[in-house]
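J.: For reference, the structure I am asking about is given below.
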Amino acid sequence: MTSADSGRPMVRFEPLTSPEPLFPKPKSGGEGRLVVVSNRVPVPSASGSPAAGGLAVALNAALQQRGGFWFGWSGKVSEEETPLEVHDFGHVSYAVTDLSQRDIDEYYAGFANRALWPVCHYRLDLTEISANDTAGYFRVNEFFARRLATLLKPDDVIWVHDYHFIPLAAYLRQMGFENRIGFFLHIPWAPYDVSSALPAYQTVLSGMTRYDVIGFQTRRDLENFTRCLEQENMAREVGGGCWEADGRTFRVGAFPIGIETDLFRQEAREAKSNSLVRRMRASMEDRHLIIGVDRLDYSKGIRQRIAAFSCMLERFPQMRNRVTFLQITPKSRSEVPEYIRMQHEVAEQAGWTNGKFGDVDWTPVRYINKAVSRTSLAGLYRTARVGMVTPLRDGMNLVAKEYVASQRGTDPGVLVLSRFAGAAAELDSALLVNPYDTEATANAIVRALEMSLEERKERWRAMMDKLRANTVDHWCASFLSVLAQERACLSSDAAERQDDGALEPAIGRTAAHFGGSWTGYRRN
Ligand code: ADQ
């Protein structure tokens with residue numbers, strides 16, 4: 001069958017053929033091992049030293065506390081089906097599997113990064129719809145589910161991370177697993193009119209309803225998501241953050257991710273002696289530093305930021321030779337053409353600004369394509385009078401939080417933050433800007449550079465209070481505690497009835513959108 005207009009094969013939904021002899025059906029259980037699932041797994045080095053990075057540290061700490069394993073892609077390509085690689089470190093293991101080149105092209109570079117990523121970042125103009133990629137995404141998720149199934153115990157609590165694995169729970173449920181399974185989306189969830197442009201949108205959405213807890217970064221993402229459920233008549237709200245679909249209840253919530261606030265502060269303090277930080281300071285002479293730190297990604301608004309800096313130099317000539325803008329941007333996803341193009345565009349724009357405004361003794365924009373150590377980063381943040389975090393859309397943006405945590409309380413810098421970063425919900429004492437508005441962002445830079453010490457301190461204190469209250473450990477513990485509440489979605493009446501031995505379901509069955517069973521995605 002082909003579609004009349006494109007001549008390409010049509011896709012249709014049909015029940016997923018069940019994988020041959022299914023795994024024994026496990027019972028649901030209480031507090032068991034923790035199983036973390038993410039696309040890339042921070043396998044510690046042979047010596048056992050864990051990978052750096054706030055999220056990895058927090059999840060490793062949770063794994064250490066209760067035992068368990070981390071599961072995902074090895075980062076390696078293998079054309080044959082190789083056995084799972086399992087690395088044991090005490091009572092925590094890391095289990096990783098290779099993928100074929102086709103799997104990586106379709107699931108990772110394709111559907112995840114060319115469809116889900118742009119759609120979730122409101123970029124329909126950059127979204128590529130491919131039936132092969134869509135089918136590959138579901139195929140690889142089913143493959144991961146089967147591999148994970150061989151490792152699971154009935155009382156394991158599973159925490160799945162991010163957009164690569166939305167349908168994972170649906171496949172596990174189909175295999176009979178009734179474990180507690182939570183999902184956290186690190187990126188935004190777009191409003192209905194945008195997210196419904198996603199290929200296999202209904203299947204993706206229905207896959208989300210197979211988790212017990214679905215976490216988002218902000219209330220805005222959460223509300224966008226629940227409106228999608230309502231629009232599709234896929235689930236109904238039963239109160240207390242709980243929803244019901246196909247006879248299952250699940251809980252949704254906003255769990256804004258944090259950083260290791262105190263550790264960052266400490267590293268920033270100690271970075272005085274860091275050689276990269278010293279070299280940077282020496283080269284600044286008496287100019288102010290403005291810093292931007294992002295992966296090279298169109299969602300981060302790097303081009304718009306350089307344009308705003310340029311506009312500031314144009315409109316406020318007194319600022320020329322008084323500020324330097326340092327943009328640190330390691331390359332990412334170089335296999336996706338959009339990212340290669342962006343690398344050229346950003347480099348060209350930095351060069352153009354330097355050509356126009358620079359002088360023999362002053363380079364306005366320093367653009368660097370490499371990763372730097374966390375200590376160096378903390379020291380550079382502390383050196384910078386202005387932190388520019390101006391994504392066009394971002395789930396949270398940890399750089400904003402790291403910049404604030406690194407500041408000196410007696411003389412803090414100013415955060416210029418996009419309204420469209422999830423972090424803006426908490427860090428509302430930053431100078432909030434619309435990154436699409438070049439002139440307004442240019443004005444905000446000047447306002448930040450000229451802000452009185454008193455106002456800087458006041459804004460910084462308000463933000464620090466929030467960062468101290470919501471660290472990455474706190475985030476991790478609050479998600480896991482909600483996930484552990486097996487009966488969190490039962491009304492107190494229903495819970496009592498269950499205590500009395502009555503088998504009446506807590507919540508009636510409605511909205512059987514897919515006839516009660518999750519249907520995977522198959523290409524015709
Ligand atoms: P990312 O899009 O990767 O994460 P972000 O939150 O900004 O974005 O985190 C980037 C991390 O990389 C920061 O910890 C930063 O310090 C580090 N980093 C960036 N450039 C670096 C460099 N040059 N050298 C060293 N380190 C560098 C996704 C979502 C975000 C969400 C996070 C966590 O897109 O919105 O905040 O997950 O949930």
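Simple scheme: letters A, B, ... for chains in structure tokens order, numbers from 1 for residues in each chain, numbers from 1 for ligands in the order shown.
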Write as a ChimeraX atom specification the residues around ligand 1, taking 9 Å as the cut-off and counting only C-alpha atoms and all ligand atoms.

T.: /A:53-55,162,184-188,217,256-259,292-297,299-300,327-331,368-374,376-378,389,393-403,421-423

J.: Give the strand (DSSP E) residues of stretch 331-436 of chain A, as assigned by DSSP on the backbone, as a compact mmCIF listing (two decimals) with C-alpha atoms, in the first residue's frame.

T.:
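Okay, this is what ended up in part18.txt:
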# COMPACT_ATOMS: atom_id res chain seq x y z
CA VAL A 365 33.89 37.22 20.66
CA ARG A 366 36.02 34.25 21.67
CA TYR A 367 34.39 31.11 20.31
CA ILE A 368 35.76 27.80 21.55
CA VAL A 386 27.28 38.31 32.98
CA GLY A 387 26.05 34.76 32.30
CA MET A 388 24.12 34.57 29.02
CA VAL A 389 21.75 31.61 29.02
CA VAL A 414 24.10 38.78 36.65
CA LEU A 415 22.23 35.98 34.90
CA VAL A 416 20.52 36.96 31.64
CA LEU A 417 18.06 34.12 31.13
CA SER A 418 15.64 33.18 28.39
CA LEU A 431 17.04 39.31 33.94
CA LEU A 432 14.48 37.42 31.87
CA VAL A 433 14.60 38.01 28.12

J.: Could you state the separation of atom CA of A:Glu223 and atom CA of A:Glu426 in Å, given to one decimal place?

T.: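 According to the coordinates, atom CA of A:Glu223 and atom CA of A:Glu426 are separated by 16.9 Å.
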
J.: Using only C-alpha atoms for the distances, tell me which of A:Tyr94, A:Trp189, A:Phe69, A:Tyr108 is nearest to A:Pro44.

T.: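 For A:Pro44, the nearest of the given residues is A:Tyr94.
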
J.: A:Glu285, A:Asp437, A:Glu178, A:Glu85: which is nearest A:Gly301, counting only C-alpha atoms?

T.: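 Among the listed residues, the smallest separation from A:Gly301 belongs to A:Asp437.
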
J.: Between A:Val157, A:Ile104, A:Ala135, A:Val119, which one has atoms that come closest to A:Gln485, using only C-alpha atoms?

T.: A:Val157

J.: If we count only C-alpha atoms, what is near A:Met342 at a cut-off of 8 Å, once residues fewer than 3 positions away on the same chain are taken out, given as a list of chain:residue names?

T.: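 Selected residues are A:Leu296, A:Asp297, A:Tyr298, A:Glu338, A:Tyr339, A:Glu345, A:Val346.
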
J.: Considering only C-alpha atoms, state which residue in the set A:Phe165, A:Trp117, A:Phe225, A:Tyr211 is at the smallest distance from A:Pro191.

T.: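 Selected residue with least distance to A:Pro191: A:Phe225.
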
J.: Just the residues within 12 Å of stretch 351-356 of chain A, please, counting only C-alpha atoms, with nothing from its chain fewer than 2 positions along; format it as an NGL selection string.

T.: :A and (303 or 305-314 or 320-321 or 324-325 or 344-349 or 358-367)

J.: Restricting the output to C-alpha atoms, write the selected residues as a PDB file, in the first residue's frame.

T.:
ATOM      1  CA  ARG A 303      23.384  32.574  16.891  1.00  0.00           C
ATOM      2  CA  ARG A 305      22.957  35.451  21.395  1.00  0.00           C
ATOM      3  CA  ILE A 306      25.927  36.555  19.291  1.00  0.00           C
ATOM      4  CA  ALA A 307      23.543  38.729  17.282  1.00  0.00           C
ATOM      5  CA  ALA A 308      22.360  40.385  20.522  1.00  0.00           C
ATOM      6  CA  PHE A 309      25.958  40.943  21.628  1.00  0.00           C
ATOM      7  CA  SER A 310      26.752  42.480  18.231  1.00  0.00           C
ATOM      8  CA  CYS A 311      23.659  44.671  18.418  1.00  0.00           C
ATOM      9  CA  MET A 312      24.780  45.819  21.879  1.00  0.00           C
ATOM     10  CA  LEU A 313      28.184  46.878  20.488  1.00  0.00           C
ATOM     11  CA  GLU A 314      26.498  48.658  17.617  1.00  0.00           C
ATOM     12  CA  ARG A 320      33.439  48.567  22.805  1.00  0.00           C
ATOM     13  CA  ASN A 321      36.776  47.338  24.109  1.00  0.00           C
ATOM     14  CA  THR A 324      34.646  40.224  25.964  1.00  0.00           C
ATOM     15  CA  PHE A 325      32.122  37.546  25.140  1.00  0.00           C
ATOM     16  CA  HIS A 344      29.486  26.944  10.154  1.00  0.00           C
ATOM     17  CA  GLU A 345      26.861  29.589  10.825  1.00  0.00           C
ATOM     18  CA  VAL A 346      27.917  30.265  14.420  1.00  0.00           C
ATOM     19  CA  ALA A 347      31.625  30.404  13.495  1.00  0.00           C
ATOM     20  CA  GLU A 348      30.831  32.766  10.619  1.00  0.00           C
ATOM     21  CA  GLN A 349      28.781  35.042  12.843  1.00  0.00           C
ATOM     22  CA  GLY A 358      37.400  44.109  16.881  1.00  0.00           C
ATOM     23  CA  ASP A 359      40.681  45.920  17.149  1.00  0.00           C
ATOM     24  CA  VAL A 360      44.355  44.931  17.158  1.00  0.00           C
ATOM     25  CA  ASP A 361      44.226  44.539  20.921  1.00  0.00           C
ATOM     26  CA  TRP A 362      40.630  43.358  21.359  1.00  0.00           C
ATOM     27  CA  THR A 363      38.692  40.319  20.107  1.00  0.00           C
ATOM     28  CA  PRO A 364      35.027  40.872  21.054  1.00  0.00           C
ATOM     29  CA  VAL A 365      33.887  37.225  20.663  1.00  0.00           C
ATOM     30  CA  ARG A 366      36.016  34.251  21.666  1.00  0.00           C
ATOM     31  CA  TYR A 367      34.388  31.115  20.307  1.00  0.00           C
TER      32      TYR A 367
END

J.: Which residues in stretch 335-521 of chain A does DSSP call alpha helix (DSSP H)? List them as a ChimeraX atom specification.

T.: /A:337-357,374-383,398-405,438-450,453-469,472-484,492-499

J.: Just to be explicit: take each residue in the selection above, keep C-alpha atoms, and write the result as a PDB file, in the first residue's frame.

T.:
ATOM      1  CA  PRO A 337      23.315  17.635   8.921  1.00  0.00           C
ATOM      2  CA  GLU A 338      21.490  20.459  10.749  1.00  0.00           C
ATOM      3  CA  TYR A 339      24.243  20.509  13.365  1.00  0.00           C
ATOM      4  CA  ILE A 340      27.066  20.668  10.804  1.00  0.00           C
ATOM      5  CA  ARG A 341      25.372  23.624   9.135  1.00  0.00           C
ATOM      6  CA  MET A 342      24.945  25.367  12.482  1.00  0.00           C
ATOM      7  CA  GLN A 343      28.621  24.965  13.316  1.00  0.00           C
ATOM      8  CA  HIS A 344      29.486  26.944  10.154  1.00  0.00           C
ATOM      9  CA  GLU A 345      26.861  29.589  10.825  1.00  0.00           C
ATOM     10  CA  VAL A 346      27.917  30.265  14.420  1.00  0.00           C
ATOM     11  CA  ALA A 347      31.625  30.404  13.495  1.00  0.00           C
ATOM     12  CA  GLU A 348      30.831  32.766  10.619  1.00  0.00           C
ATOM     13  CA  GLN A 349      28.781  35.042  12.843  1.00  0.00           C
ATOM     14  CA  ALA A 350      31.490  35.218  15.518  1.00  0.00           C
ATOM     15  CA  GLY A 351      34.028  36.051  12.778  1.00  0.00           C
ATOM     16  CA  TRP A 352      31.746  38.701  11.317  1.00  0.00           C
ATOM     17  CA  THR A 353      31.314  40.419  14.722  1.00  0.00           C
ATOM     18  CA  ASN A 354      35.051  40.318  15.375  1.00  0.00           C
ATOM     19  CA  GLY A 355      35.781  41.743  11.915  1.00  0.00           C
ATOM     20  CA  LYS A 356      33.305  44.557  12.365  1.00  0.00           C
ATOM     21  CA  PHE A 357      34.032  45.643  15.939  1.00  0.00           C
ATOM     22  CA  ARG A 374      34.028  21.217  35.678  1.00  0.00           C
ATOM     23  CA  THR A 375      36.480  23.128  37.866  1.00  0.00           C
ATOM     24  CA  SER A 376      37.548  25.331  34.954  1.00  0.00           C
ATOM     25  CA  LEU A 377      33.923  25.904  34.054  1.00  0.00           C
ATOM     26  CA  ALA A 378      33.032  26.878  37.632  1.00  0.00           C
ATOM     27  CA  GLY A 379      36.016  29.272  37.728  1.00  0.00           C
ATOM     28  CA  LEU A 380      35.059  30.859  34.397  1.00  0.00           C
ATOM     29  CA  TYR A 381      31.461  31.318  35.555  1.00  0.00           C
ATOM     30  CA  ARG A 382      32.770  33.058  38.677  1.00  0.00           C
ATOM     31  CA  THR A 383      34.975  35.328  36.588  1.00  0.00           C
ATOM     32  CA  LEU A 398      21.690  23.435  34.052  1.00  0.00           C
ATOM     33  CA  VAL A 399      24.199  26.059  32.918  1.00  0.00           C
ATOM     34  CA  ALA A 400      21.896  28.768  34.318  1.00  0.00           C
ATOM     35  CA  LYS A 401      21.946  27.087  37.727  1.00  0.00           C
ATOM     36  CA  GLU A 402      25.685  26.393  37.616  1.00  0.00           C
ATOM     37  CA  TYR A 403      26.411  30.028  36.782  1.00  0.00           C
ATOM     38  CA  VAL A 404      24.401  31.278  39.765  1.00  0.00           C
ATOM     39  CA  ALA A 405      25.880  28.703  42.173  1.00  0.00           C
ATOM     40  CA  THR A 438      17.669  40.993  19.616  1.00  0.00           C
ATOM     41  CA  GLU A 439      17.406  44.613  20.732  1.00  0.00           C
ATOM     42  CA  ALA A 440      15.741  43.802  24.054  1.00  0.00           C
ATOM     43  CA  THR A 441      18.431  41.187  24.750  1.00  0.00           C
ATOM     44  CA  ALA A 442      21.126  43.744  23.855  1.00  0.00           C
ATOM     45  CA  ASN A 443      19.527  46.167  26.339  1.00  0.00           C
ATOM     46  CA  ALA A 444      19.482  43.441  29.006  1.00  0.00           C
ATOM     47  CA  ILE A 445      23.229  42.885  28.538  1.00  0.00           C
ATOM     48  CA  VAL A 446      23.882  46.576  29.159  1.00  0.00           C
ATOM     49  CA  ARG A 447      21.531  46.583  32.130  1.00  0.00           C
ATOM     50  CA  ALA A 448      23.401  43.586  33.571  1.00  0.00           C
ATOM     51  CA  LEU A 449      26.795  45.263  33.052  1.00  0.00           C
ATOM     52  CA  GLU A 450      25.606  48.442  34.749  1.00  0.00           C
ATOM     53  CA  LEU A 453      26.061  45.823  43.557  1.00  0.00           C
ATOM     54  CA  GLU A 454      23.036  45.996  45.830  1.00  0.00           C
ATOM     55  CA  GLU A 455      20.625  44.821  43.118  1.00  0.00           C
ATOM     56  CA  ARG A 456      23.038  42.101  41.973  1.00  0.00           C
ATOM     57  CA  LYS A 457      23.254  40.742  45.504  1.00  0.00           C
ATOM     58  CA  GLU A 458      19.515  40.821  46.031  1.00  0.00           C
ATOM     59  CA  ARG A 459      18.773  38.965  42.804  1.00  0.00           C
ATOM     60  CA  TRP A 460      21.536  36.444  43.436  1.00  0.00           C
ATOM     61  CA  ARG A 461      20.376  35.646  47.003  1.00  0.00           C
ATOM     62  CA  ALA A 462      16.821  34.962  45.830  1.00  0.00           C
ATOM     63  CA  MET A 463      18.121  32.531  43.209  1.00  0.00           C
ATOM     64  CA  MET A 464      20.585  30.832  45.560  1.00  0.00           C
ATOM     65  CA  ASP A 465      17.812  30.111  48.067  1.00  0.00           C
ATOM     66  CA  LYS A 466      16.029  28.133  45.386  1.00  0.00           C
ATOM     67  CA  LEU A 467      19.181  26.311  44.276  1.00  0.00           C
ATOM     68  CA  ARG A 468      19.954  25.319  47.858  1.00  0.00           C
ATOM     69  CA  ALA A 469      16.424  24.021  48.393  1.00  0.00           C
ATOM     70  CA  VAL A 472      19.902  17.241  42.157  1.00  0.00           C
ATOM     71  CA  ASP A 473      19.811  14.877  45.156  1.00  0.00           C
ATOM     72  CA  HIS A 474      16.515  16.381  46.224  1.00  0.00           C
ATOM     73  CA  TRP A 475      15.148  15.958  42.693  1.00  0.00           C
ATOM     74  CA  CYS A 476      16.228  12.332  42.588  1.00  0.00           C
ATOM     75  CA  ALA A 477      14.781  11.531  46.009  1.00  0.00           C
ATOM     76  CA  SER A 478      11.449  13.234  45.321  1.00  0.00           C
ATOM     77  CA  PHE A 479      10.902  11.400  42.029  1.00  0.00           C
ATOM     78  CA  LEU A 480      11.806   8.059  43.579  1.00  0.00           C
ATOM     79  CA  SER A 481       9.606   8.624  46.590  1.00  0.00           C
ATOM     80  CA  VAL A 482       6.581   9.296  44.362  1.00  0.00           C
ATOM     81  CA  LEU A 483       7.473   6.259  42.257  1.00  0.00           C
ATOM     82  CA  ALA A 484       7.640   4.140  45.405  1.00  0.00           C
ATOM     83  CA  SER A 492      -8.570   7.117  50.229  1.00  0.00           C
ATOM     84  CA  ASP A 493     -12.002   5.445  49.857  1.00  0.00           C
ATOM     85  CA  ALA A 494     -10.688   2.989  47.355  1.00  0.00           C
ATOM     86  CA  ALA A 495      -7.594   2.304  49.415  1.00  0.00           C
ATOM     87  CA  GLU A 496      -9.817   1.486  52.392  1.00  0.00           C
ATOM     88  CA  ARG A 497     -11.948  -0.820  50.287  1.00  0.00           C
ATOM     89  CA  GLN A 498      -8.803  -2.608  49.162  1.00  0.00           C
ATOM     90  CA  ASP A 499      -7.659  -2.887  52.767  1.00  0.00           C
TER      91      ASP A 499
END

J.: Which one is closest to A:Tyr107: A:Phe143, A:Phe216, A:Tyr122, A:Tyr201? Count only C-alpha atoms.

T.: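 Looking at the shortest contact to A:Tyr107, the residue is A:Phe143.
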
J.: If you measure from atom CA of A:Val77 to atom CA of A:Asp98, what distance in Å do you get, rounded to one decimal?

T.: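 Separating atom CA of A:Val77 from atom CA of A:Asp98 is a distance of 5.6 Å.
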